[in-house]
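First up is the structure itself, then whatever we jot down about it.
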Amino acid sequence: MSEPSLQKPAPTLLVGVDFGLPHFDGDLQELGLLAKTGGLEPVARLTCKRKAPDAALFVGSGKADEIKSLALMHGAVEVLFDQSLSPAQQRNLERHIGLPVNDRTLLILEIFAQRARSHEGKLQVELAKQQYLSTRLVRRWSHLERQSGGIGLRGGPGETQIELDRRMINDSIKRIKERLVKVKRQRNTQRRRRERHDTFNISLVGYTNAGKSTLFNALVKARAYAADQLFATLDTTTRQLYLGEARRSVSLSDTVGFIRDLPHGLVEAFQATLQEATEADLLVHVVDAANPDFPEQMAEVQKVLAEIGADRVPQLLVFNKIDMLDSERFPLQLQDHYELDGVAVPRVFVSAQGGQGIAALRSVLSDIVMTALPLRDETHSDPRDFEREYPGNMP
């Protein structure tokens, strides 16, 4: 994978294989956005249909020849698959095509590595990346496999080098896990401190680029980085949100966005960060209402929430970006209910960018908090107390 730099983005051929699954992206739009986010420049796209992956080349030799010709025609310097490739398939494709071949999993790992800012985020990304690379040792050291061993040796220097490299990566994985345990312990200490103050915890979750960070900024007047791109923010940011009708502050966290086929290693590696969602009192599930594929995106979010054990946390749906809807798709009412996994979940329509519906969202959040916790005359019951402690966060 090409490193992001001041150099021109690497011309890349995008390849997608339709195995008959409902979420197949025939236009490879999301892969194209991922490629651009990772510093690549899509120059051509190719899709094909298969009943099952070819064991050796994933797409078969005929389609591999077509990929090679198309890459040559458009000047592509690498090939990017929308699906995960096995180490053998990746190695065979590179030999057949004569270009570097990468898959969606590595691309997402590279993007996460570029975007992680906190110490914990960098550790989590490095862990996922090391776990991914540990399965690619044969490919990386294939030039050593041809070396023969000496007298009395079953294997040669190549086998020894692979074993050494694997041992180094395994040692690195072990050290990173130990460091993450310490970070998780610190997080738990901070969380217990918040729990002692009986804080109501809200986590923003949703598909990447749904507008979570923009909504977060609109609610708490924060300056969290927000951009119209995939995975604009990776590290969890937590701020206090004052709800006037509830006469109290709550803890609001902006978490990393989810995506289709999120590498399982990343889900495991980000367990500490995503723990904010698993231990929240409420999940605000932000949906890009302007995206025609939002039902599939919601399903992917629900799948990841189930993987991390957060699927039983109560949800509030926020359909964002209504300013981008045409008159035919604009909702008749800005508050209603939406059936999610067989349950009617309250829904609010907003434009985090333009501010429409934000006041209504605050009111709904206040109602939820007041139902969960009794109204109290204590710290922050007077808005002026909150403004003095958290200047600039009042609506």
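A note on labels: chains of the structure tokens are A, B, ... as shown, every chain counts residues from 1, and ligands are counted from 1 in their shown order.
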Surrounding residues of region 76-85 of chain A excluding itself and chain neighbours under 5 positions, 8 Å, only C-alpha atoms, as a PDB file with C-alpha atoms, in the first residue's frame:
ATOM      1  CA  ALA A  10      -0.858   6.200  -6.811  1.00  0.00           C
ATOM      2  CA  PRO A  11      -2.992   5.300  -9.884  1.00  0.00           C
ATOM      3  CA  THR A  12      -5.019   2.277  -8.807  1.00  0.00           C
ATOM      4  CA  LEU A  13      -7.328  -0.221 -10.490  1.00  0.00           C
ATOM      5  CA  LEU A  14     -10.371  -1.127  -8.364  1.00  0.00           C
ATOM      6  CA  VAL A  15     -11.766  -4.655  -8.583  1.00  0.00           C
ATOM      7  CA  GLY A  16     -15.017  -6.001  -7.145  1.00  0.00           C
ATOM      8  CA  VAL A  17     -16.411  -9.536  -7.348  1.00  0.00           C
ATOM      9  CA  LEU A  28     -17.429   0.413  -6.239  1.00  0.00           C
ATOM     10  CA  LEU A  31     -14.101   1.443  -2.318  1.00  0.00           C
ATOM     11  CA  VAL A  43      -8.167   5.270 -12.588  1.00  0.00           C
ATOM     12  CA  PHE A  58      -9.773 -15.391  -6.417  1.00  0.00           C
ATOM     13  CA  ALA A  71      -4.146  -1.934 -15.406  1.00  0.00           C
ATOM     14  CA  GLN A  90      -2.645 -12.217  -2.993  1.00  0.00           C
ATOM     15  CA  LEU A  99       1.771  -5.385  -9.825  1.00  0.00           C
ATOM     16  CA  PRO A 100       1.221  -4.986  -6.082  1.00  0.00           C
ATOM     17  CA  VAL A 101      -2.205  -6.355  -5.124  1.00  0.00           C
ATOM     18  CA  ASN A 102      -3.947  -5.252  -1.938  1.00  0.00           C
ATOM     19  CA  ASP A 103      -7.382  -5.780  -0.451  1.00  0.00           C
ATOM     20  CA  ARG A 104     -10.028  -3.796   1.386  1.00  0.00           C
ATOM     21  CA  THR A 105      -8.798  -5.023   4.777  1.00  0.00           C
TER      22      THR A 105
END
Dump as a tab-separated table the rows for residues of region 272-391 of chain A within 7 Å of region 202-219 of chain A: closest atom pair and distance in Å with one decimal, only C-alpha atoms counted, ordered by chain and rising residue number.
residue	atom	partner	partner_atom	distance
A:Glu276	CA	A:Ser203	CA	6.7
A:Ala277	CA	A:Ser203	CA	5.6
A:Ala280	CA	A:Ile202	CA	5.6
A:Asp281	CA	A:Ile202	CA	6.0
A:Leu282	CA	A:Ile202	CA	4.9
A:Leu283	CA	A:Ser203	CA	5.0
A:Val284	CA	A:Leu204	CA	4.8
A:His285	CA	A:Val205	CA	4.9
A:Val286	CA	A:Gly206	CA	5.0
A:Val287	CA	A:Ala210	CA	5.5
A:Asp288	CA	A:Ala210	CA	4.6
A:Gln297	CA	A:Tyr207	CA	6.1
A:Val301	CA	A:Gly206	CA	6.1
A:Asn320	CA	A:Gly211	CA	6.9
A:Ala352	CA	A:Leu215	CA	4.8
A:Gln353	CA	A:Thr214	CA	6.6
Exercise: Leu123 (chain A) partners within 9 Å, only C-alpha atoms, chain neighbours under 6 positions left out, as a list in words: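 Surrounding residues, per the criterion: Ala116, Ile176, Lys177, Arg179, Leu180 and Ala269 of chain A.
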Dump of N, CA and C atoms for the selected residues, as a compact mmCIF listing (two decimals), in the first residue's frame:
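Written out: part.txt:
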# COMPACT_ATOMS: atom_id res chain seq x y z
N ALA A 116 -5.05 7.74 13.27
CA ALA A 116 -4.99 7.61 14.72
C ALA A 116 -4.13 8.73 15.32
N ILE A 176 2.18 -5.08 22.63
CA ILE A 176 1.11 -4.11 22.38
C ILE A 176 -0.12 -4.46 23.22
N LYS A 177 -0.45 -5.74 23.30
CA LYS A 177 -1.60 -6.16 24.11
C LYS A 177 -1.40 -5.79 25.58
N ARG A 179 0.39 -3.34 26.76
CA ARG A 179 0.25 -1.88 26.89
C ARG A 179 -1.21 -1.46 26.81
N LEU A 180 -1.99 -2.16 25.96
CA LEU A 180 -3.41 -1.83 25.84
C LEU A 180 -4.18 -2.19 27.11
N ALA A 269 -9.23 -5.06 18.16
CA ALA A 269 -8.21 -4.12 18.62
C ALA A 269 -8.85 -2.87 19.22
Point-to-point distance from CA of Asp311 (chain A) to CA of Ser251 (chain A), Å rounded to tenths: 19.7 Å
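The residue that comes closest to Ile108 (chain A), out of A:Gln124, A:Thr236, A:Thr37, A:Gln89 and on the basis of only C-alpha atoms, is A:Thr37.
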Secondary structure check, strand (DSSP E) residues of region 254-305 of chain A, as a PyMOL selection string: chain A and resi 254+282-288
Save out the residues we just selected, N, CA and C atoms, as a PDB file, in the first residue's frame.
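Printed below is part-v3.pdb as written:
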ATOM      1  N   ASP A 254     -18.090  10.782  21.093  1.00  0.00           N
ATOM      2  CA  ASP A 254     -18.076  10.589  19.646  1.00  0.00           C
ATOM      3  C   ASP A 254     -17.123   9.438  19.350  1.00  0.00           C
ATOM      4  N   LEU A 282     -27.198   5.213  26.568  1.00  0.00           N
ATOM      5  CA  LEU A 282     -27.974   5.448  25.353  1.00  0.00           C
ATOM      6  C   LEU A 282     -27.026   5.543  24.166  1.00  0.00           C
ATOM      7  N   LEU A 283     -27.404   4.903  23.068  1.00  0.00           N
ATOM      8  CA  LEU A 283     -26.664   5.041  21.813  1.00  0.00           C
ATOM      9  C   LEU A 283     -27.465   5.938  20.883  1.00  0.00           C
ATOM     10  N   VAL A 284     -26.840   7.019  20.425  1.00  0.00           N
ATOM     11  CA  VAL A 284     -27.448   7.860  19.405  1.00  0.00           C
ATOM     12  C   VAL A 284     -26.898   7.384  18.071  1.00  0.00           C
ATOM     13  N   HIS A 285     -27.707   6.637  17.349  1.00  0.00           N
ATOM     14  CA  HIS A 285     -27.305   6.027  16.078  1.00  0.00           C
ATOM     15  C   HIS A 285     -27.540   7.045  14.961  1.00  0.00           C
ATOM     16  N   VAL A 286     -26.451   7.621  14.447  1.00  0.00           N
ATOM     17  CA  VAL A 286     -26.531   8.659  13.422  1.00  0.00           C
ATOM     18  C   VAL A 286     -26.543   7.997  12.039  1.00  0.00           C
ATOM     19  N   VAL A 287     -27.528   8.374  11.222  1.00  0.00           N
ATOM     20  CA  VAL A 287     -27.724   7.780   9.898  1.00  0.00           C
ATOM     21  C   VAL A 287     -27.646   8.881   8.835  1.00  0.00           C
ATOM     22  N   ASP A 288     -26.970   8.595   7.745  1.00  0.00           N
ATOM     23  CA  ASP A 288     -26.922   9.522   6.611  1.00  0.00           C
ATOM     24  C   ASP A 288     -28.206   9.345   5.809  1.00  0.00           C
TER      25      ASP A 288
END
Counting only C-alpha atoms, the residue of A:Ile322, A:Arg362, A:His96, A:Ala344 that sits nearest Val250 (chain A): A:Arg362
Atomic separation - CA of Leu325 (chain A) relative to CA of Asp341 (chain A), Å: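 Taking CA of Asp341 (chain A) and CA of Leu325 (chain A), their separation equals 25.2 Å.
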Spatial neighbours of Ala56 (chain A), 12 Å, only C-alpha atoms, chain gap at least 5 places, as a PyMOL selection string: chain A and resi 61+64+85-96
Would you put the residues from that selection into a file with C-alpha atoms, as an mmCIF file, in the first residue's frame?
data_model
loop_
_atom_site.group_PDB
_atom_site.id
_atom_site.type_symbol
_atom_site.label_atom_id
_atom_site.label_comp_id
_atom_site.auth_asym_id
_atom_site.auth_seq_id
_atom_site.Cartn_x
_atom_site.Cartn_y
_atom_site.Cartn_z
ATOM 1 C CA SER A 61 -6.960 -16.868 -14.694
ATOM 2 C CA ALA A 64 -6.732 -12.020 -13.934
ATOM 3 C CA LEU A 85 -7.832 -11.949 -0.152
ATOM 4 C CA SER A 86 -6.046 -14.910 1.355
ATOM 5 C CA PRO A 87 -2.226 -14.682 1.530
ATOM 6 C CA ALA A 88 -1.919 -17.302 -1.243
ATOM 7 C CA GLN A 89 -4.432 -15.511 -3.495
ATOM 8 C CA GLN A 90 -2.645 -12.217 -2.993
ATOM 9 C CA ARG A 91 0.756 -13.740 -3.753
ATOM 10 C CA ASN A 92 -0.531 -15.566 -6.865
ATOM 11 C CA LEU A 93 -2.276 -12.466 -8.200
ATOM 12 C CA GLU A 94 0.861 -10.357 -7.813
ATOM 13 C CA ARG A 95 2.894 -12.939 -9.721
ATOM 14 C CA HIS A 96 0.247 -13.193 -12.445
#
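If only C-alpha atoms are the atoms counted, then among A:Gln333, A:Asn188, A:Asn201, A:Thr237 the closest residue to Ala372 (chain A) is A:Asn201.
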Residue nearest Glu300 (chain A) among A:Arg45, A:Arg136, A:Arg50, A:His23 (counting only C-alpha atoms):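 Of A:Arg45, A:Arg136, A:Arg50, A:His23, the one nearest Glu300 (chain A), counting only C-alpha atoms, is A:His23.
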Separation of CA of Glu110 (chain A) from CA of Leu40 (chain A), in Å and rounded to one decimal: 11.3 Å
